[in-house]
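Working notes for the structure below.
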Amino acid sequence: MLDAFRKEVDPILTAFAKRFIKFHPNVLSFLSLLSSIVASFFFFFSSPCYEKSNFFLCIGSLLVFANGFFDAIDGKVAKMSKRASPKGDFIDHVLDRYADVLLVGSISLSKWCKTELGLLAIVGMLLTSYMGTQAQAVGYKRIYSGILGRADRLALLMIFPILQHLFINARFFDLSVLDLMLLYFAVMGNFTALQRFIKVMLWFKRS
């Protein structure tokens with residue numbers, strides 16, 4: 001849903017991108033991945049027993065922000081520095097998928113969550129991304145729209161770990177705060193994939 005605000009946010013991202021113009025876009029893409037790797041360690045090793053004192057979930061949230069930030073400006077830097085290329089775009093998408101799986105997977109395997117919910121969340125997440133890129137592969141435009149795009153996931157991956165830190169022992173129908181996030185990813189991720197599938201099928205029908 002945050003895709004709808006791309007035009008409003010674009011000038012801000014452009015201003016930041018100008019400050020990183022000397023960096024190669026691929027370096028920024030790898031910095032994005034590195035942020036997610038470190039975040040995944042903090043998420044995985046976080047625990048209800050120690051979270052009050054070590055703030056691992058909050059640190060992980062900050063690193064998710066770093067992941068999203070570098071991912072948001074690498075493409076802009078590529079265009080501004082005239083380094084945009086299919087190879088760079090391919091690298092960016094591959095690293096994004098690794099980052100997604102690391103972030104959601106580490107939370108799924110942590111002591112906060114039910115692993116089966118994490119598996120369903122990852123399936124929904126990957127299908128959403130696949131539908132977006134596959135649409136482009138068959139001649140339609142790259143699809144970012146839908147109720148749960150990558151920007152939406154990253155926003156929730158920043159917010160929900162902090163909420164879990166604030167409400168460490170909270171349970172809702174035997175689900176933790178992070179379990180609720182994974183459940184949302186599982187349901188809405190698959191729903192978003194279906195939205196994108198229908199959009200492309202309607203395009204085929206009109207063609």
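Chain labels run A, B, ... following the order of the structure tokens; each chain numbers its residues from 1, and ligands are numbered from 1 in the order shown.
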I'd like the neighbourhood of Thr128 in chain A as a ChimeraX atom specification, where a residue qualifies if any of its atoms comes within 9 Å (using only C-alpha atoms), though same-chain residues fewer than 6 positions away should be ignored. /A:146,148-150,189-194,196
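Coordinates place CA of Val138 in chain A at a distance of 20.0 Å from CA of Gly88 in chain A.
Minimum distance to Val177 in chain A across A:Gly132, A:Ile59, A:Cys113, A:Phe197 (counting only C-alpha atoms) occurs at A:Cys113.
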Based on DSSP run over this structure's backbone, return all residues of range 55-203 of chain A in alpha helix (DSSP H), as a ChimeraX atom specification. /A:56-80,86-108,115-137,150-166,177-203
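Compared by their closest atoms to Pro48 in chain A, and using only C-alpha atoms, the residues A:Trp112, A:Leu202, A:Leu119, A:Tyr140 rank with A:Trp112 nearest.
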Polymer residues at most 7 Å from range 38-42 of chain A, only C-alpha atoms, same-chain spacing of 3 or more positions, as a tab-separated table (two decimals) with N, CA and C atoms, in the first residue's frame:
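Listing of result.tsv after writing:
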```
chain	number	residue	atom	x	y	z
A	34	LEU	N	23.86	-6.45	3.71
A	34	LEU	CA	24.63	-6.58	4.96
A	34	LEU	C	23.79	-6.15	6.16
A	35	SER	N	23.03	-5.09	6.00
A	35	SER	CA	22.15	-4.63	7.09
A	35	SER	C	21.16	-5.71	7.48
A	45	PHE	N	18.74	-14.24	17.70
A	45	PHE	CA	19.27	-14.44	19.06
A	45	PHE	C	18.51	-13.66	20.13
A	46	SER	N	17.49	-12.92	19.73
A	46	SER	CA	16.66	-12.24	20.72
A	46	SER	C	15.85	-13.28	21.49
A	56	PHE	N	17.68	-6.38	21.69
A	56	PHE	CA	18.03	-6.96	20.39
A	56	PHE	C	16.97	-6.68	19.33
A	57	LEU	N	15.70	-6.74	19.71
A	57	LEU	CA	14.64	-6.51	18.72
A	57	LEU	C	14.66	-5.08	18.20
A	60	GLY	N	17.54	-4.71	15.83
A	60	GLY	CA	17.16	-5.33	14.56
A	60	GLY	C	16.27	-4.42	13.74
A	63	LEU	N	18.25	-1.80	11.99
A	63	LEU	CA	18.98	-2.36	10.86
A	63	LEU	C	18.05	-2.65	9.68
A	64	VAL	N	16.79	-2.97	9.97
A	64	VAL	CA	15.81	-3.12	8.90
A	64	VAL	C	15.62	-1.77	8.20
A	102	LEU	N	16.08	-13.71	4.90
A	102	LEU	CA	16.87	-13.62	6.13
A	102	LEU	C	16.09	-12.95	7.26
A	103	LEU	N	15.43	-11.86	6.94
A	103	LEU	CA	14.71	-11.11	7.97
A	103	LEU	C	13.52	-11.89	8.51
A	106	SER	N	14.68	-15.37	10.11
A	106	SER	CA	15.32	-15.29	11.44
A	106	SER	C	14.28	-15.05	12.53
```
Can you list, as a ChimeraX atom specification, every protein, DNA or RNA residue that comes within 9 Å of Leu178 in chain A when you count only C-alpha atoms, leaving out same-chain residues fewer than 6 positions away? /A:107-108,112-113,160-161,163-164
Restricting the output to C-alpha atoms, write the selected residues as an mmCIF file, in the first residue's frame.
```
data_model
loop_
_atom_site.group_PDB
_atom_site.id
_atom_site.type_symbol
_atom_site.label_atom_id
_atom_site.label_comp_id
_atom_site.auth_asym_id
_atom_site.auth_seq_id
_atom_site.Cartn_x
_atom_site.Cartn_y
_atom_site.Cartn_z
ATOM 1 C CA ILE A 107 12.178 -14.042 13.202
ATOM 2 C CA SER A 108 10.388 -17.291 12.341
ATOM 3 C CA TRP A 112 9.226 -15.609 19.862
ATOM 4 C CA CYS A 113 7.462 -17.368 17.041
ATOM 5 C CA PHE A 160 6.422 -5.024 15.193
ATOM 6 C CA PRO A 161 9.774 -5.949 16.786
ATOM 7 C CA LEU A 163 6.018 -3.514 19.796
ATOM 8 C CA GLN A 164 7.183 -6.979 20.846
#
```
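Among the candidate residues A:Val94, A:Tyr144, A:Lys114, A:His24, the one lying nearest to Asp174 in chain A is A:Lys114, with distances computed using only C-alpha atoms.
Among the candidates A:Ile162, A:Leu182, A:Val200, A:Thr14, the residue lying nearest to Ile143 in chain A is A:Val200 (atoms considered: only C-alpha atoms).
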Using only C-alpha atoms, which protein or nucleic acid residues come within 12 Å of Lys141 in chain A? Drop anything in the same chain fewer than 5 positions from it, and give the result as JSON, numbers by chain. {"A": [131, 132, 133, 134, 135, 136, 196, 199, 200, 203]}
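Nearest to Asn169 in chain A of all the residues A:Ala15, A:Ile21, A:Val27, A:Cys49 is A:Cys49, counting only C-alpha atoms.
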